[in-house]
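Below is one structure, written out as structure tokens, with a few remarks after it.
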Amino acid sequence: MEPDATEVPVPRPPVGLYVHVPFCVSLCPYCDFVVLAGAAARGPRSRLASFVSALATELELRADRLDGAFGPPGSAGRPALASVYFGGGTPTLLPAGEMASLLARVRERYGIVPGAEITVEANPGPAERGDPAGLARAGVTRLSVGAQRMDRAELRRLGRRHDPDDVADAVRAARGGGIGSIGLDLLYDIPGDSGAAWASTLDRALALAPDHLSLYALTLDDPGAEGLTGPAGDHLPTTAGARRWRERSRPQQDEDRAAEQYEHAVERLAVAGFDGYEISNWAQPGHASRHNLIYWRGDAWEAAGPGAHAFDGRTRRWNAARLDGWTAALAGGPGRAPALPPGGHEEVGATAAAAERVVLALRTERGVPAAVASVPPLVDALRWALDAGLLTTTADDRVVLTTRGRLLSNELFSRLV
């Protein structure tokens, strides 16, 4: 959808579904995702079974609401889903059979178009990568592997359990199991990093012939200080150990080094045939993440699971992060029917929606039509960015970020919103 600064937001049916699976074998000290680790994730006290039961209930209740608002899936008012994304956490801790059952439920209640993209995130360790062949049989088409770095010492510095050889084994197993698209997530500007270390990680990752790469600068935020960890918040409180690790690590980061590492990646991946289709994402032809493009195009998506966010074009909605409250609502009880979990929502007004659509579109290589740059109240910020060399106009009359603009995009986006 092209950005339209005059469009009044209206609710739309989802074209994608995000499912959050909040379990990991261990918790990385930099991670701000909704994650429960250790005994909750495996062993006799694992909460996976109760989670799957509650998730199935939430999927049903969300589908009931969509039926009432837009009609049944596949009808004129409600298209089937083009993408389903299982994120985490480590969704591959779920048995492939459970994943198949969940996808069957989604197909029945939401519809899934033929050839849809169905993504599962995975950690590369032997006990965490799951059963790629079973996932492929369940309908999974894409695996996103949390490699982060390709050096053992750097992985230990980040609190990661796996080794570079595990990443290679995970990619090999996914290929052999029939997964058609494989992506790797990598981190730069980590504590004690260097240009040579980052270049080595990129080269070793490329040697595995992935179809997609997501590159993220390590961010060490404090969700508690931002007010995101209360009873209805979409984040969990940071542990004391993780807080101490972040305090030690922040002084070891460097913005100039991060910029140099990003610029190296832009050049290196272009030579390797990857298209930088979004600020943090590169893909071989035909392997861009269709699910993430739903977000960046401002399309509507549904979501389920603790901390999951949804958007219908007018309202942002999120589930509270705390598993106990989420599970209790969906389980129901004596004299109490299962109910949707606690959380929050906010309406997006016309002006904010216009700015948000432009921000999201500018994250991508397509950018926005040049005409959008002359529409109030966006015109001043976009003209400033053009004059500062953060934006450029393409031959087909579109405005896109330059590499410098990608590095300084937060400054532009703060002016737009």
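Lettering and numbering for the structure tokens are positional, with chains as A, B, ... in the shown order, residues counted from 1 in each chain, and ligands counted from 1 in the shown order.
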
Show me, as an NGL selection string, the residues that have an atom within 9 Å of His212 of chain A when counting only C-alpha atoms, minus same-chain residues fewer than 4 positions from it.
:A and (144 or 181-185 or 274 or 281-284 or 287-289)

Shell of 8 Å around segment 292-304 of chain A, only C-alpha atoms, local chain residues under 5 positions omitted, as a PyMOL selection string
chain A and resi 1-2+12-20+55+58-59+309-313+319+357+360-361+363-364

Print the selection's residues with N, CA and C atoms to a file, as a PDB file, in the first residue's frame.
```
ATOM      1  N   MET A   1       0.840  -1.187   0.000  1.00  0.00           N
ATOM      2  CA  MET A   1       0.000   0.000   0.000  1.00  0.00           C
ATOM      3  C   MET A   1       0.879   1.242   0.000  1.00  0.00           C
ATOM      4  N   GLU A   2       0.675   2.157  -0.992  1.00  0.00           N
ATOM      5  CA  GLU A   2       1.439   3.392  -1.039  1.00  0.00           C
ATOM      6  C   GLU A   2       0.973   4.332   0.069  1.00  0.00           C
ATOM      7  N   ARG A  12      -9.150  -2.787   9.008  1.00  0.00           N
ATOM      8  CA  ARG A  12      -9.025  -3.671   7.864  1.00  0.00           C
ATOM      9  C   ARG A  12      -8.796  -5.089   8.360  1.00  0.00           C
ATOM     10  N   PRO A  13      -9.169  -6.092   7.588  1.00  0.00           N
ATOM     11  CA  PRO A  13      -8.906  -7.475   7.999  1.00  0.00           C
ATOM     12  C   PRO A  13      -7.426  -7.787   7.867  1.00  0.00           C
ATOM     13  N   PRO A  14      -6.921  -8.728   8.658  1.00  0.00           N
ATOM     14  CA  PRO A  14      -5.490  -9.037   8.620  1.00  0.00           C
ATOM     15  C   PRO A  14      -5.115  -9.815   7.366  1.00  0.00           C
ATOM     16  N   VAL A  15      -3.887  -9.561   6.914  1.00  0.00           N
ATOM     17  CA  VAL A  15      -3.319 -10.376   5.834  1.00  0.00           C
ATOM     18  C   VAL A  15      -2.160 -11.218   6.358  1.00  0.00           C
ATOM     19  N   GLY A  16      -1.816 -11.024   7.635  1.00  0.00           N
ATOM     20  CA  GLY A  16      -0.773 -11.807   8.268  1.00  0.00           C
ATOM     21  C   GLY A  16      -1.147 -12.129   9.701  1.00  0.00           C
ATOM     22  N   LEU A  17      -0.482 -13.120  10.257  1.00  0.00           N
ATOM     23  CA  LEU A  17      -0.693 -13.526  11.644  1.00  0.00           C
ATOM     24  C   LEU A  17       0.659 -13.723  12.302  1.00  0.00           C
ATOM     25  N   TYR A  18       0.855 -13.076  13.469  1.00  0.00           N
ATOM     26  CA  TYR A  18       2.054 -13.274  14.258  1.00  0.00           C
ATOM     27  C   TYR A  18       1.686 -14.068  15.502  1.00  0.00           C
ATOM     28  N   VAL A  19       2.452 -15.107  15.807  1.00  0.00           N
ATOM     29  CA  VAL A  19       2.235 -15.942  16.989  1.00  0.00           C
ATOM     30  C   VAL A  19       3.518 -15.915  17.818  1.00  0.00           C
ATOM     31  N   HIS A  20       3.391 -15.472  19.078  1.00  0.00           N
ATOM     32  CA  HIS A  20       4.577 -15.378  19.930  1.00  0.00           C
ATOM     33  C   HIS A  20       4.676 -16.590  20.849  1.00  0.00           C
ATOM     34  N   LEU A  55      -2.990 -21.007  23.709  1.00  0.00           N
ATOM     35  CA  LEU A  55      -2.802 -20.384  22.404  1.00  0.00           C
ATOM     36  C   LEU A  55      -3.912 -20.797  21.445  1.00  0.00           C
ATOM     37  N   GLU A  58      -6.881 -18.727  22.256  1.00  0.00           N
ATOM     38  CA  GLU A  58      -6.795 -17.341  21.789  1.00  0.00           C
ATOM     39  C   GLU A  58      -7.005 -17.258  20.276  1.00  0.00           C
ATOM     40  N   LEU A  59      -6.426 -18.186  19.545  1.00  0.00           N
ATOM     41  CA  LEU A  59      -6.621 -18.178  18.098  1.00  0.00           C
ATOM     42  C   LEU A  59      -8.105 -18.300  17.744  1.00  0.00           C
ATOM     43  N   HIS A 309       1.786  -8.113  19.450  1.00  0.00           N
ATOM     44  CA  HIS A 309       1.154  -6.892  18.973  1.00  0.00           C
ATOM     45  C   HIS A 309       0.371  -7.158  17.688  1.00  0.00           C
ATOM     46  N   ALA A 310      -0.783  -6.519  17.552  1.00  0.00           N
ATOM     47  CA  ALA A 310      -1.590  -6.604  16.339  1.00  0.00           C
ATOM     48  C   ALA A 310      -1.942  -5.194  15.888  1.00  0.00           C
ATOM     49  N   PHE A 311      -2.376  -5.074  14.631  1.00  0.00           N
ATOM     50  CA  PHE A 311      -2.737  -3.768  14.052  1.00  0.00           C
ATOM     51  C   PHE A 311      -3.792  -3.987  12.989  1.00  0.00           C
ATOM     52  N   ASP A 312      -4.875  -3.232  13.053  1.00  0.00           N
ATOM     53  CA  ASP A 312      -5.935  -3.390  12.056  1.00  0.00           C
ATOM     54  C   ASP A 312      -6.060  -2.198  11.116  1.00  0.00           C
ATOM     55  N   GLY A 313      -5.046  -1.328  11.123  1.00  0.00           N
ATOM     56  CA  GLY A 313      -5.098  -0.144  10.276  1.00  0.00           C
ATOM     57  C   GLY A 313      -5.519   1.100  11.032  1.00  0.00           C
ATOM     58  N   ASN A 319      -1.074  -7.771  23.738  1.00  0.00           N
ATOM     59  CA  ASN A 319      -1.316  -8.616  24.893  1.00  0.00           C
ATOM     60  C   ASN A 319      -0.297  -8.295  25.975  1.00  0.00           C
ATOM     61  N   ARG A 357       2.904   5.817   8.190  1.00  0.00           N
ATOM     62  CA  ARG A 357       3.008   5.143   6.894  1.00  0.00           C
ATOM     63  C   ARG A 357       4.253   5.596   6.141  1.00  0.00           C
ATOM     64  N   LEU A 360       7.417   4.026   7.894  1.00  0.00           N
ATOM     65  CA  LEU A 360       7.562   2.608   7.568  1.00  0.00           C
ATOM     66  C   LEU A 360       8.002   2.424   6.119  1.00  0.00           C
ATOM     67  N   ALA A 361       7.424   3.190   5.208  1.00  0.00           N
ATOM     68  CA  ALA A 361       7.802   3.048   3.801  1.00  0.00           C
ATOM     69  C   ALA A 361       9.240   3.477   3.559  1.00  0.00           C
ATOM     70  N   ARG A 363      11.666   3.071   5.476  1.00  0.00           N
ATOM     71  CA  ARG A 363      12.571   2.007   5.911  1.00  0.00           C
ATOM     72  C   ARG A 363      12.945   1.079   4.754  1.00  0.00           C
ATOM     73  N   THR A 364      12.114   1.037   3.718  1.00  0.00           N
ATOM     74  CA  THR A 364      12.319   0.099   2.624  1.00  0.00           C
ATOM     75  C   THR A 364      13.012   0.761   1.444  1.00  0.00           C
TER      76      THR A 364
END
```

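Excluding segment 74-89 of chain A and any residue on its chain fewer than 4 positions from it, the residues at most 7 Å away by only C-alpha atoms are Pro13, Val15, Gly16, Leu17, Tyr18, Val19, His20, Val21, Pro22, Phe23, Cys24, Val35, Phe70, Tyr110, Gly111, Ile112, Val113, Ala116, Glu117, Ile118, Thr119, Val120, Glu121, Arg290 and His291 of chain A.
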
Neighbours of Ser50 of chain A within 12 Å (only C-alpha atoms; same-chain residues fewer than 6 positions away dropped), as a ChimeraX atom specification?
/A:40-41,56-57,94,323-324,326-328,330-331

Would you pick out the contacts of segment 256-260 of chain A at 10 Å or less, using only C-alpha atoms, so that residues sharing its chain but fewer than 5 positions from it are not included, and give the list as JSON, numbers by chain?
{"A": [188, 189, 190, 193, 194, 195, 198, 216, 217, 218, 265, 266, 403, 404, 406, 407, 408]}

DSSP on the backbone, strand (DSSP E) only: what residues of segment 91-267 of chain A does that give? Format it as a PyMOL selection string.
chain A and resi 112-122+142-148+181-188+212-217

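Among A:Gly68, A:Pro376, A:Pro369, A:Gly230, the residue with the shortest atom-to-atom distance to Arg322 of chain A, counting only C-alpha atoms, is A:Gly230.
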
Tell me, which residues of segment 134-220 of chain A carry DSSP alpha helix (DSSP H), written as a ChimeraX atom specification?
/A:134-138,152-157,164-177,195-206

Of the residues A:Gly227, A:Asp222, A:Pro44, A:Val358, which is the one nearest to Arg244 of chain A, using only C-alpha atoms?
A:Asp222

Nearest to Asp203 of chain A: which of A:Val8, A:Gly305, A:Leu61, A:Ala272 is it, counting only C-alpha atoms?
A:Ala272

From the options A:Leu401, A:Thr238, A:Arg246, A:Glu278, which residue's atoms come nearest to Glu226 of chain A, counting only C-alpha atoms?
A:Thr238

Show me, as an MDAnalysis selection string, the residues that have an atom within 10 Å of Ala373 of chain A when counting only C-alpha atoms, minus same-chain residues fewer than 3 positions from it.
chainID A and resid 5 358 368:370 376:383 386 398:399

Those same residues - N, CA and C atoms - I'd like them written as a PDB file, in the first residue's frame.
```pdb
ATOM      1  N   ALA A   5      -0.981  10.577   2.694  1.00  0.00           N
ATOM      2  CA  ALA A   5      -1.008  11.438   3.870  1.00  0.00           C
ATOM      3  C   ALA A   5      -2.391  11.975   4.169  1.00  0.00           C
ATOM      4  N   VAL A 358       4.570   6.888   6.231  1.00  0.00           N
ATOM      5  CA  VAL A 358       5.759   7.392   5.549  1.00  0.00           C
ATOM      6  C   VAL A 358       7.027   6.841   6.203  1.00  0.00           C
ATOM      7  N   VAL A 368       9.022   6.364  -0.760  1.00  0.00           N
ATOM      8  CA  VAL A 368       7.691   6.934  -0.976  1.00  0.00           C
ATOM      9  C   VAL A 368       7.667   7.708  -2.285  1.00  0.00           C
ATOM     10  N   PRO A 369       6.490   7.885  -2.887  1.00  0.00           N
ATOM     11  CA  PRO A 369       6.413   8.741  -4.072  1.00  0.00           C
ATOM     12  C   PRO A 369       6.870  10.151  -3.739  1.00  0.00           C
ATOM     13  N   ALA A 370       7.539  10.794  -4.675  1.00  0.00           N
ATOM     14  CA  ALA A 370       8.053  12.143  -4.423  1.00  0.00           C
ATOM     15  C   ALA A 370       6.941  13.109  -4.043  1.00  0.00           C
ATOM     16  N   PRO A 376       1.768  18.617   3.615  1.00  0.00           N
ATOM     17  CA  PRO A 376       1.847  18.972   5.033  1.00  0.00           C
ATOM     18  C   PRO A 376       1.233  17.859   5.865  1.00  0.00           C
ATOM     19  N   PRO A 377       1.669  17.575   7.107  1.00  0.00           N
ATOM     20  CA  PRO A 377       2.745  18.278   7.837  1.00  0.00           C
ATOM     21  C   PRO A 377       4.108  17.611   7.681  1.00  0.00           C
ATOM     22  N   LEU A 378       4.287  16.814   6.621  1.00  0.00           N
ATOM     23  CA  LEU A 378       5.528  16.068   6.437  1.00  0.00           C
ATOM     24  C   LEU A 378       6.589  16.859   5.686  1.00  0.00           C
ATOM     25  N   VAL A 379       6.175  17.924   5.008  1.00  0.00           N
ATOM     26  CA  VAL A 379       7.038  18.571   4.034  1.00  0.00           C
ATOM     27  C   VAL A 379       8.317  19.113   4.658  1.00  0.00           C
ATOM     28  N   ASP A 380       8.239  19.739   5.836  1.00  0.00           N
ATOM     29  CA  ASP A 380       9.434  20.356   6.414  1.00  0.00           C
ATOM     30  C   ASP A 380      10.498  19.323   6.755  1.00  0.00           C
ATOM     31  N   ALA A 381      10.077  18.219   7.375  1.00  0.00           N
ATOM     32  CA  ALA A 381      11.037  17.193   7.759  1.00  0.00           C
ATOM     33  C   ALA A 381      11.669  16.542   6.538  1.00  0.00           C
ATOM     34  N   LEU A 382      10.873  16.262   5.518  1.00  0.00           N
ATOM     35  CA  LEU A 382      11.402  15.596   4.330  1.00  0.00           C
ATOM     36  C   LEU A 382      12.315  16.526   3.531  1.00  0.00           C
ATOM     37  N   ARG A 383      11.978  17.815   3.471  1.00  0.00           N
ATOM     38  CA  ARG A 383      12.867  18.753   2.784  1.00  0.00           C
ATOM     39  C   ARG A 383      14.190  18.897   3.531  1.00  0.00           C
ATOM     40  N   LEU A 386      16.237  15.831   2.647  1.00  0.00           N
ATOM     41  CA  LEU A 386      16.769  15.926   1.290  1.00  0.00           C
ATOM     42  C   LEU A 386      17.978  16.855   1.252  1.00  0.00           C
ATOM     43  N   ARG A 398      10.817   8.613  -6.909  1.00  0.00           N
ATOM     44  CA  ARG A 398      10.507   8.185  -5.548  1.00  0.00           C
ATOM     45  C   ARG A 398      11.600   8.710  -4.616  1.00  0.00           C
ATOM     46  N   VAL A 399      11.241   8.936  -3.382  1.00  0.00           N
ATOM     47  CA  VAL A 399      12.172   9.437  -2.378  1.00  0.00           C
ATOM     48  C   VAL A 399      12.592   8.260  -1.500  1.00  0.00           C
TER      49      VAL A 399
END
```
